[in-house]
2 protein chains.
Amino acid sequence: MERIRIGLIGAGTVGSGVIEILKKERDVYRNKFGLDPVLVSVCTRSPEKIRKALTDFPDCKLESDYRNVVNDPEIDLVLELVGGTDVAYSIVENALQNGKTVVTANKALLSQRGDELFSLAQQKNVEIGMEAAVAGAIPVIRSIKTGLGADSFLSLYGILNGTTNFILSKMELEQLDYAEALRIAQDLGFAEKDPTFDVEGIDTAHKISILGTLAFSRKISLQDVQIEGITKISGLDIQFAGELGYRIKLLGLVRKIGDQLEARVQPVMIPVKHPFANIMNEMNAVYYQTAYAGPGMFVGKGAGSLPTASSVVSDVLYYGSRLNKTKTPEKNLFPKAEISEANGQLVRYYLRFTTLDQPGVLSEISKVLGDHGISISSVRQNEAEKEPAEVVVVTHPATEANIKKSLKIIDGLSLIRHASVAIRLEDKL
Amino acid sequence: MERIRIGLIGAGTVGSGVIEILKKERDVYRNKFGLDPVLVSVCTRSPEKIRKALTDFPDCKLESDYRNVVNDPEIDLVLELVGGTDVAYSIVENALQNGKTVVTANKALLSQRGDELFSLAQQKNVEIGMEAAVAGAIPVIRSIKTGLGADSFLSLYGILNGTTNFILSKMELEQLDYAEALRIAQDLGFAEKDPTFDVEGIDTAHKISILGTLAFSRKISLQDVQIEGITKISGLDIQFAGELGYRIKLLGLVRKIGDQLEARVQPVMIPVKHPFANIMNEMNAVYYQTAYAGPGMFVGKGAGSLPTASSVVSDVLYYGSRLNKTKTPEKNLFPKAEISEANGQLVRYYLRFTTLDQPGVLSEISKVLGDHGISISSVRQNEAEKEPAEVVVVTHPATEANIKKSLKIIDGLSLIRHASVAIRLEDKL
């Protein structure tokens with residue numbers, strides 16, 4: 001039996017889930033893996049909340065200062081589950097300095113300051129587990145590192161934010177507009193009071209920067225990711241997408257373009273028959289194309305106490321089994337990615353123009369598109385009961401640059417009422 | 001740099017894929033993992049087919065007798081890629097006897113004689129990698145063992161046979177009957193000349209017995225699996241399923257029922273909106289429910305040279321990195337599962353009766369069902385241009401035992417022309 005001596009810092013939603021799983025499954029792990037995860041100490045600001053759960057761990061120390069955990073020579077492995085990037089950074093840094101393996105669910109920390117920590121881990125010859133940081137319960141990081149370890153990634157697409165996926169699903173299924181769906185998500189606890197972080201795509205950007213870095217073995221910084229959220233998507237877009245046989249999803253994506261990588265967060269339209277389009281509500285999924293194994297997809301829960309905790313505990317078992325045995329710790333530090341700014345691929349676009357209802361509108365729009373070499377595949381216009389009229393154009397394959405140039409000109413026309421909407425059709429997914 | 005010295009036995013579809021991947025990616029593995037997979041020898045009956053590929057491995061020996069590989073002290077890890085259960089067994093047994101780690105893609109061998117080999121491996125303190133044996137390119141075994149290692153499985157469902165999934169997809173998309181779809185599958189190389197092994201569900205049974213054993217830590221033998229293939233499914237069933245909002249899939253499944261396990265291969269109807277229903281053509285998928293992380297799903301290719309080889313090479317890297325370091329080799333030997341013979345769950349059924357077109361048919365059928373406590377949710381009968389008439393009944397939740405008893409009686413009625421069809425509706429997936 002190999003003991004894994006754990007110090008848990010942060011006993012909130014995820015931390016309390018970890019305590020619950022360790023309590024219920026410890027005997028199973030001993031029997032199945034020959035591993036004995038021992039909770040040596042828990043550090044929390046709200047000890048009253050976990051005192052009852054800890055009665056099953058009579059030898060476990062209760063701490064209020066994280067330094068007592070990271071400096072404890074009786075601890076092999078530190079779980080950082082406090083969140084944020086300040087105290088969390090100090091916790092992880094000190095734990096690594098003391099030669100301890102770290103498991104964390106902190107995507108913001110890893111996305112923003114991962115390299116400093118990975119570098120320190122490498123220096124100290126210890127490891128950092130981060131399965132829970134991206135796509136909660138889905139074992140996607142382990143799969144990238146091991147199950148698909150022999151493969152070479154070509155593209156990686158993630159539905160990685162439950163809040164936005166829930167909002168888009170509600171908009172479609174209950175025919176709501178963005179603001180209404182957001183309010184429901186807030187009422188149900190799926191969205192924060194200030195939802196900016198989720199709906200503007202920042203959370204997804206954190207996650208795709210981490211996943212993309214691991215999949216492509218090139219450091220993708222948060223600053224490398226072009227970010228577009230879902231706040232401009234209207235109920236009309238959702239409805240038109242459905243009529244065209246598509247569904248709108250907010251994707252984080254990294255694609256190989258020649259020797260460069262494209263890294264983005266953006267809403268795209270996915271053919272509704274594609275399994276990836278059927279990931280609804282708060283579920284997460286990762287879809288990939290590779291040189292050998294792909295295409296493939298992983299689906300699962302992206303958040304929640306026990307789902308996320310299950311990933312943390314899987315990491316505890318995995319990295320715990322490697323303690324003092326790994327001559328070559330896992331590598332998380334990679335050379336900087338060369339980022340492709342412009343996507344020169346030819347793809348189809350959905351364009352929506354909010355216009356005055358007057359003759360000549362379509363002719364003006366199509367002229368600008370034509371001037372940029374963009375030809376139109378189909379047009380539809382909902383019968384306008386009142387202005388403004390909504391004109392929807394699906395283009396033949398065009399470059400993003402030409403679409404952007406066209407829209408800039410079109411949005412300057414006097415007959416256009418709002419900024420036009422352009423959504424890429426992911427036909428080749 | 002840690003060297004992994006490989007002996008490859010069998011250079012057919014998968015073996016030649018392994019050679020190709022090792023050639024293209026070796027430098028990547030050296031750089032990324034600090035691992036250097038070295039092809040020491042290849043054993044094949046058709047050396048002329050791979051002579052060209054091997055020019056990139058000038059030091060690689062070419063053997064015609066597998067004993068030269070399994071007895072070679074210069075080899076750490078043997079790849080058994082010959083298939084079958086006779087020579088393959090000797091290869092794996094001898095390799096293990098000599099203290100070598102083995103990687104195999106041989107589901108029949110593992111399903112039928114796995115325990116003898118796992119027992120020997122345990123005795124010799126070495127490991128057996130088998131990612132490629134189930135669901136080809138999908139890293140599902142690694143995920144069960146590690147990524148979801150902390151979790152506790154409740155159910156595991158697999159679309160694990162590309163041939164049958166291709167046939168069912170063709171039947172639906174091109175409105176073909178079984179025999180026509182089978183012929184197309186044969187023409188395209190997706191089905192064997194004698195398709196029994198696939199269409200009768202035996203291949204799926206091999207695979208689900210392996211996956212189920214690992215997921216539930218209980219030995220599920222091939223004999224434990226109740227097997228039903230797709231040969232009785234008609235174009236009519238596919239069509240009725242579609243009208244009812246379902247899609248028919250051949251599943252391998254293991255479910256926890258109390259302290260027992262249910263292990264089956266059977267065609268079921270899945271709600272078409274469920275992502276699992278959208279796994280079409282030759283793709284494979286595994287869907288699971290667990291105590292903490294689930295539900296979740298993995299999707300990918302189930303076969304093919306490079307997809308399967310990518311899993312083999314991932315195993316080479318994983319187990320290669322553990323050579324001489326693992327105090328506790330992975331456990332594959334488990335106590336025998338207690339198998340639940342009867343499924344007492346209440347679920348809805350689709351029933352199709354082929355009847356004479358005469359008055360009183362439905363009344364006779366519904367009387368028998370009623371006598372067994374089965375109430376009818378909906379009935380439909382396609383307008384019969386000629387006999388026989390097809391009567392389709394969807395029941396309210398009923399037990400399988402009662403459905404079987406009813407059908408036995410109904411099939412004895414004089415107005416029934418063929419054996420009736422019963423397909424479970426998987427509403428709770």
# chains A, B, ... in the order shown; residues from 1 in each chain; ligands from 1
$ residues_around --residues "Leu415 (chain B)" --least-positions-apart "2" --cutoff "7 Å" --atoms "only C-alpha atoms" --output "PyMOL selection string"
chain B and resi 355-356+413+417
$ residues_around --residues "region 350-352 of chain B" --least-positions-apart "3" --cutoff "7 Å" --atoms "only C-alpha atoms" --output "PDB file with all heavy atoms, in the first residue's frame"
ATOM      1  N   GLU B 390     -48.646  -4.837 -40.396  1.00  0.00           N
ATOM      2  CA  GLU B 390     -47.683  -4.613 -39.312  1.00  0.00           C
ATOM      3  C   GLU B 390     -48.338  -3.755 -38.241  1.00  0.00           C
ATOM      4  O   GLU B 390     -48.760  -2.636 -38.514  1.00  0.00           O
ATOM      5  CB  GLU B 390     -46.443  -3.888 -39.841  1.00  0.00           C
ATOM      6  CG  GLU B 390     -45.716  -4.603 -40.968  1.00  0.00           C
ATOM      7  CD  GLU B 390     -44.972  -5.838 -40.490  1.00  0.00           C
ATOM      8  OE1 GLU B 390     -44.711  -5.958 -39.264  1.00  0.00           O
ATOM      9  OE2 GLU B 390     -44.647  -6.690 -41.346  1.00  0.00           O
ATOM     10  N   VAL B 391     -48.447  -4.290 -37.044  1.00  0.00           N
ATOM     11  CA  VAL B 391     -49.031  -3.546 -35.931  1.00  0.00           C
ATOM     12  C   VAL B 391     -47.908  -3.178 -34.959  1.00  0.00           C
ATOM     13  O   VAL B 391     -47.174  -4.053 -34.508  1.00  0.00           O
ATOM     14  CB  VAL B 391     -50.084  -4.394 -35.191  1.00  0.00           C
ATOM     15  CG1 VAL B 391     -50.629  -3.627 -33.979  1.00  0.00           C
ATOM     16  CG2 VAL B 391     -51.210  -4.774 -36.134  1.00  0.00           C
ATOM     17  N   VAL B 392     -47.784  -1.899 -34.692  1.00  0.00           N
ATOM     18  CA  VAL B 392     -46.744  -1.450 -33.770  1.00  0.00           C
ATOM     19  C   VAL B 392     -47.375  -0.909 -32.494  1.00  0.00           C
ATOM     20  O   VAL B 392     -48.274  -0.073 -32.547  1.00  0.00           O
ATOM     21  CB  VAL B 392     -45.873  -0.357 -34.427  1.00  0.00           C
ATOM     22  CG1 VAL B 392     -45.004   0.339 -33.385  1.00  0.00           C
ATOM     23  CG2 VAL B 392     -45.013  -0.977 -35.509  1.00  0.00           C
ATOM     24  N   VAL B 393     -46.886  -1.424 -31.383  1.00  0.00           N
ATOM     25  CA  VAL B 393     -47.399  -1.009 -30.084  1.00  0.00           C
ATOM     26  C   VAL B 393     -46.240  -0.427 -29.283  1.00  0.00           C
ATOM     27  O   VAL B 393     -45.154  -1.011 -29.242  1.00  0.00           O
ATOM     28  CB  VAL B 393     -47.983  -2.229 -29.334  1.00  0.00           C
ATOM     29  CG1 VAL B 393     -48.227  -1.893 -27.858  1.00  0.00           C
ATOM     30  CG2 VAL B 393     -49.258  -2.710 -30.001  1.00  0.00           C
ATOM     31  N   VAL B 394     -46.466   0.737 -28.679  1.00  0.00           N
ATOM     32  CA  VAL B 394     -45.522   1.219 -27.674  1.00  0.00           C
ATOM     33  C   VAL B 394     -46.195   1.058 -26.329  1.00  0.00           C
ATOM     34  O   VAL B 394     -47.330   1.509 -26.138  1.00  0.00           O
ATOM     35  CB  VAL B 394     -45.120   2.684 -27.925  1.00  0.00           C
ATOM     36  CG1 VAL B 394     -44.221   3.188 -26.784  1.00  0.00           C
ATOM     37  CG2 VAL B 394     -44.411   2.823 -29.251  1.00  0.00           C
ATOM     38  N   THR B 395     -45.516   0.383 -25.410  1.00  0.00           N
ATOM     39  CA  THR B 395     -46.134   0.097 -24.118  1.00  0.00           C
ATOM     40  C   THR B 395     -45.815   1.180 -23.101  1.00  0.00           C
ATOM     41  O   THR B 395     -44.872   1.955 -23.269  1.00  0.00           O
ATOM     42  CB  THR B 395     -45.613  -1.244 -23.548  1.00  0.00           C
ATOM     43  OG1 THR B 395     -44.270  -1.055 -23.085  1.00  0.00           O
ATOM     44  CG2 THR B 395     -45.659  -2.353 -24.586  1.00  0.00           C
ATOM     45  N   SER B 420     -42.624 -11.970 -33.278  1.00  0.00           N
ATOM     46  CA  SER B 420     -42.774 -10.538 -33.030  1.00  0.00           C
ATOM     47  C   SER B 420     -41.442  -9.938 -32.596  1.00  0.00           C
ATOM     48  O   SER B 420     -40.544 -10.645 -32.155  1.00  0.00           O
ATOM     49  CB  SER B 420     -43.828 -10.317 -31.944  1.00  0.00           C
ATOM     50  OG  SER B 420     -45.030 -10.963 -32.331  1.00  0.00           O
ATOM     51  N   VAL B 421     -41.373  -8.617 -32.728  1.00  0.00           N
ATOM     52  CA  VAL B 421     -40.134  -7.898 -32.401  1.00  0.00           C
ATOM     53  C   VAL B 421     -40.375  -7.039 -31.166  1.00  0.00           C
ATOM     54  O   VAL B 421     -41.400  -6.351 -31.078  1.00  0.00           O
ATOM     55  CB  VAL B 421     -39.715  -7.000 -33.591  1.00  0.00           C
ATOM     56  CG1 VAL B 421     -38.558  -6.084 -33.199  1.00  0.00           C
ATOM     57  CG2 VAL B 421     -39.351  -7.859 -34.794  1.00  0.00           C
ATOM     58  N   ALA B 422     -39.470  -7.097 -30.204  1.00  0.00           N
ATOM     59  CA  ALA B 422     -39.557  -6.227 -29.014  1.00  0.00           C
ATOM     60  C   ALA B 422     -38.250  -5.476 -28.874  1.00  0.00           C
ATOM     61  O   ALA B 422     -37.177  -6.078 -28.860  1.00  0.00           O
ATOM     62  CB  ALA B 422     -39.819  -7.072 -27.764  1.00  0.00           C
ATOM     63  N   ILE B 423     -38.339  -4.175 -28.800  1.00  0.00           N
ATOM     64  CA  ILE B 423     -37.131  -3.358 -28.633  1.00  0.00           C
ATOM     65  C   ILE B 423     -37.345  -2.389 -27.473  1.00  0.00           C
ATOM     66  O   ILE B 423     -38.344  -1.658 -27.423  1.00  0.00           O
ATOM     67  CB  ILE B 423     -36.805  -2.567 -29.921  1.00  0.00           C
ATOM     68  CG1 ILE B 423     -36.643  -3.534 -31.108  1.00  0.00           C
ATOM     69  CG2 ILE B 423     -35.527  -1.750 -29.741  1.00  0.00           C
ATOM     70  CD1 ILE B 423     -36.415  -2.843 -32.437  1.00  0.00           C
ATOM     71  N   ARG B 424     -36.411  -2.404 -26.561  1.00  0.00           N
ATOM     72  CA  ARG B 424     -36.475  -1.556 -25.380  1.00  0.00           C
ATOM     73  C   ARG B 424     -36.263  -0.083 -25.743  1.00  0.00           C
ATOM     74  O   ARG B 424     -35.396   0.239 -26.555  1.00  0.00           O
ATOM     75  CB  ARG B 424     -35.375  -2.035 -24.424  1.00  0.00           C
ATOM     76  CG  ARG B 424     -35.248  -1.276 -23.153  1.00  0.00           C
ATOM     77  CD  ARG B 424     -34.088  -1.844 -22.331  1.00  0.00           C
ATOM     78  NE  ARG B 424     -33.724  -0.884 -21.324  1.00  0.00           N
ATOM     79  CZ  ARG B 424     -33.661  -1.142 -20.010  1.00  0.00           C
ATOM     80  NH1 ARG B 424     -33.890  -2.361 -19.573  1.00  0.00           N
ATOM     81  NH2 ARG B 424     -33.352  -0.195 -19.161  1.00  0.00           N
ATOM     82  N   LEU B 425     -37.052   0.799 -25.161  1.00  0.00           N
ATOM     83  CA  LEU B 425     -36.835   2.238 -25.352  1.00  0.00           C
ATOM     84  C   LEU B 425     -35.926   2.740 -24.232  1.00  0.00           C
ATOM     85  O   LEU B 425     -36.277   2.631 -23.058  1.00  0.00           O
ATOM     86  CB  LEU B 425     -38.162   3.011 -25.303  1.00  0.00           C
ATOM     87  CG  LEU B 425     -39.268   2.589 -26.270  1.00  0.00           C
ATOM     88  CD1 LEU B 425     -40.400   3.616 -26.258  1.00  0.00           C
ATOM     89  CD2 LEU B 425     -38.746   2.449 -27.696  1.00  0.00           C
TER      90      LEU B 425
END
$ interface_residues --of "chain A" --to "chain B" --cutoff "7 Å" --atoms "only C-alpha atoms" --output "PyMOL selection string"
chain A and resi 34+137+139+142-143+146-151+275+278-279+292-301+306-307+310+313-314+318+325+328
$ closest_residue --among "A:Val199, A:Val126, A:Leu211, A:Leu182" --to "Phe153 (chain A)" --atoms "only C-alpha atoms"
A:Leu211
$ residues_around --residues "Leu251 (chain A)" --least-positions-apart "5" --cutoff "7 Å" --atoms "only C-alpha atoms" --output "JSON, numbers by chain"
{"A": [157, 158, 159, 265, 266, 267, 268]}
$ residues_around --residues "Ile233 (chain A)" --least-positions-apart "5" --cutoff "9 Å" --atoms "only C-alpha atoms" --output "list in words"
Leu168, Asp177, Tyr178, Ile238, Ile248, Pro267 and Val421 of chain A
$ residues_around --residues "Thr196 (chain A)" --least-positions-apart "6" --cutoff "10 Å" --atoms "only C-alpha atoms" --output "JSON, numbers by chain"
{"A": [202, 203, 229, 231]}
$ select_by_dssp --residues "region 208-428 of chain A" --states "strand (DSSP E or B)" --output "NGL selection string"
:A and (219 or 226-227 or 246-257 or 260-271 or 283-290 or 296-301 or 336 or 339 or 347 or 349-355 or 376-381 or 389-395 or 398 or 416 or 421-425)
$ residues_around --residues "Lys107 (chain B)" --least-positions-apart "6" --cutoff "9 Å" --atoms "only C-alpha atoms" --output "VMD selection string"
chain B and resid 83 130 132 to 134 203 206 to 207 210
$ atom_distance --atom1 "CA of Lys336 (chain A)" --atom2 "CA of Glu400 (chain A)"
24.8 Å
$ closest_residue --among "B:Val69, B:Val38, B:Leu109, B:Ile410" --to "Asn94 (chain B)" --atoms "only C-alpha atoms"
B:Val69
$ decode --residues "region 133-170 of chain A" --atoms "N, CA and C atoms" --output "short mmCIF file (atom, residue, chain, number, x, y, z; two decimals), in the first residue's frame"
data_model
loop_
_atom_site.label_atom_id
_atom_site.label_comp_id
_atom_site.auth_asym_id
_atom_site.auth_seq_id
_atom_site.Cartn_x
_atom_site.Cartn_y
_atom_site.Cartn_z
N ALA A 133 -9.39 21.71 -14.08
CA ALA A 133 -9.39 23.12 -14.47
C ALA A 133 -10.14 23.37 -15.76
N VAL A 134 -10.26 22.37 -16.61
CA VAL A 134 -10.94 22.53 -17.90
C VAL A 134 -11.98 21.42 -18.06
N ALA A 135 -13.20 21.82 -18.41
CA ALA A 135 -14.26 20.85 -18.68
C ALA A 135 -14.45 19.88 -17.51
N GLY A 136 -14.49 20.46 -16.32
CA GLY A 136 -14.77 19.77 -15.06
C GLY A 136 -14.58 18.28 -15.02
N ALA A 137 -15.65 17.54 -15.30
CA ALA A 137 -15.64 16.09 -15.10
C ALA A 137 -15.12 15.31 -16.29
N ILE A 138 -14.86 15.98 -17.40
CA ILE A 138 -14.41 15.26 -18.60
C ILE A 138 -12.90 15.04 -18.52
N PRO A 139 -12.46 13.78 -18.65
CA PRO A 139 -11.02 13.53 -18.50
C PRO A 139 -10.25 13.89 -19.76
N VAL A 140 -10.37 15.14 -20.18
CA VAL A 140 -9.81 15.52 -21.47
C VAL A 140 -8.31 15.79 -21.39
N ILE A 141 -7.85 16.32 -20.24
CA ILE A 141 -6.42 16.60 -20.14
C ILE A 141 -5.63 15.30 -20.07
N ARG A 142 -6.11 14.35 -19.28
CA ARG A 142 -5.45 13.04 -19.23
C ARG A 142 -5.45 12.41 -20.61
N SER A 143 -6.56 12.56 -21.34
CA SER A 143 -6.64 11.95 -22.67
C SER A 143 -5.66 12.60 -23.64
N ILE A 144 -5.55 13.92 -23.58
CA ILE A 144 -4.58 14.59 -24.45
C ILE A 144 -3.17 14.13 -24.11
N LYS A 145 -2.87 14.04 -22.81
CA LYS A 145 -1.51 13.71 -22.40
C LYS A 145 -1.18 12.24 -22.59
N THR A 146 -2.15 11.36 -22.43
CA THR A 146 -1.83 9.94 -22.42
C THR A 146 -2.61 9.16 -23.47
N GLY A 147 -3.94 9.14 -23.36
CA GLY A 147 -4.74 8.31 -24.26
C GLY A 147 -4.51 8.66 -25.73
N LEU A 148 -4.34 9.95 -26.00
CA LEU A 148 -4.06 10.40 -27.37
C LEU A 148 -2.60 10.87 -27.47
N GLY A 149 -1.79 10.41 -26.53
CA GLY A 149 -0.42 10.90 -26.42
C GLY A 149 0.44 10.66 -27.64
N ALA A 150 0.11 9.62 -28.42
CA ALA A 150 0.93 9.30 -29.59
C ALA A 150 0.52 10.10 -30.81
N ASP A 151 -0.58 10.82 -30.68
CA ASP A 151 -1.19 11.45 -31.85
C ASP A 151 -0.70 12.89 -32.02
N SER A 152 -1.09 13.49 -33.12
CA SER A 152 -0.67 14.84 -33.44
C SER A 152 -1.93 15.65 -33.77
N PHE A 153 -2.23 16.64 -32.95
CA PHE A 153 -3.50 17.37 -33.10
C PHE A 153 -3.49 18.31 -34.31
N LEU A 154 -4.60 18.35 -34.99
CA LEU A 154 -4.80 19.28 -36.11
C LEU A 154 -5.75 20.40 -35.70
N SER A 155 -6.77 20.05 -34.90
CA SER A 155 -7.69 21.06 -34.41
C SER A 155 -8.36 20.56 -33.15
N LEU A 156 -8.76 21.51 -32.33
CA LEU A 156 -9.39 21.20 -31.05
C LEU A 156 -10.49 22.23 -30.84
N TYR A 157 -11.71 21.77 -30.63
CA TYR A 157 -12.85 22.66 -30.47
C TYR A 157 -13.51 22.34 -29.14
N GLY A 158 -13.80 23.37 -28.35
CA GLY A 158 -14.44 23.07 -27.07
C GLY A 158 -15.68 23.89 -26.81
N ILE A 159 -16.75 23.20 -26.36
CA ILE A 159 -17.87 23.89 -25.71
C ILE A 159 -17.53 23.81 -24.24
N LEU A 160 -16.94 24.89 -23.71
CA LEU A 160 -16.25 24.79 -22.42
C LEU A 160 -16.88 25.65 -21.34
N ASN A 161 -17.95 26.35 -21.69
CA ASN A 161 -18.58 27.22 -20.72
C ASN A 161 -20.06 26.89 -20.60
N GLY A 162 -20.43 26.32 -19.46
CA GLY A 162 -21.80 25.88 -19.25
C GLY A 162 -22.81 27.01 -19.29
N THR A 163 -22.42 28.18 -18.78
CA THR A 163 -23.34 29.32 -18.74
C THR A 163 -23.80 29.71 -20.13
N THR A 164 -22.84 29.90 -21.03
CA THR A 164 -23.22 30.35 -22.38
C THR A 164 -23.94 29.24 -23.14
N ASN A 165 -23.54 28.00 -22.93
CA ASN A 165 -24.22 26.92 -23.63
C ASN A 165 -25.66 26.79 -23.14
N PHE A 166 -25.85 27.03 -21.85
CA PHE A 166 -27.20 27.01 -21.28
C PHE A 166 -28.04 28.14 -21.88
N ILE A 167 -27.46 29.33 -21.95
CA ILE A 167 -28.19 30.49 -22.50
C ILE A 167 -28.57 30.24 -23.96
N LEU A 168 -27.63 29.77 -24.76
CA LEU A 168 -27.93 29.52 -26.18
C LEU A 168 -28.99 28.43 -26.32
N SER A 169 -28.92 27.40 -25.47
CA SER A 169 -29.91 26.33 -25.53
C SER A 169 -31.31 26.86 -25.20
N LYS A 170 -31.39 27.66 -24.13
CA LYS A 170 -32.67 28.23 -23.72
C LYS A 170 -33.24 29.12 -24.83
#
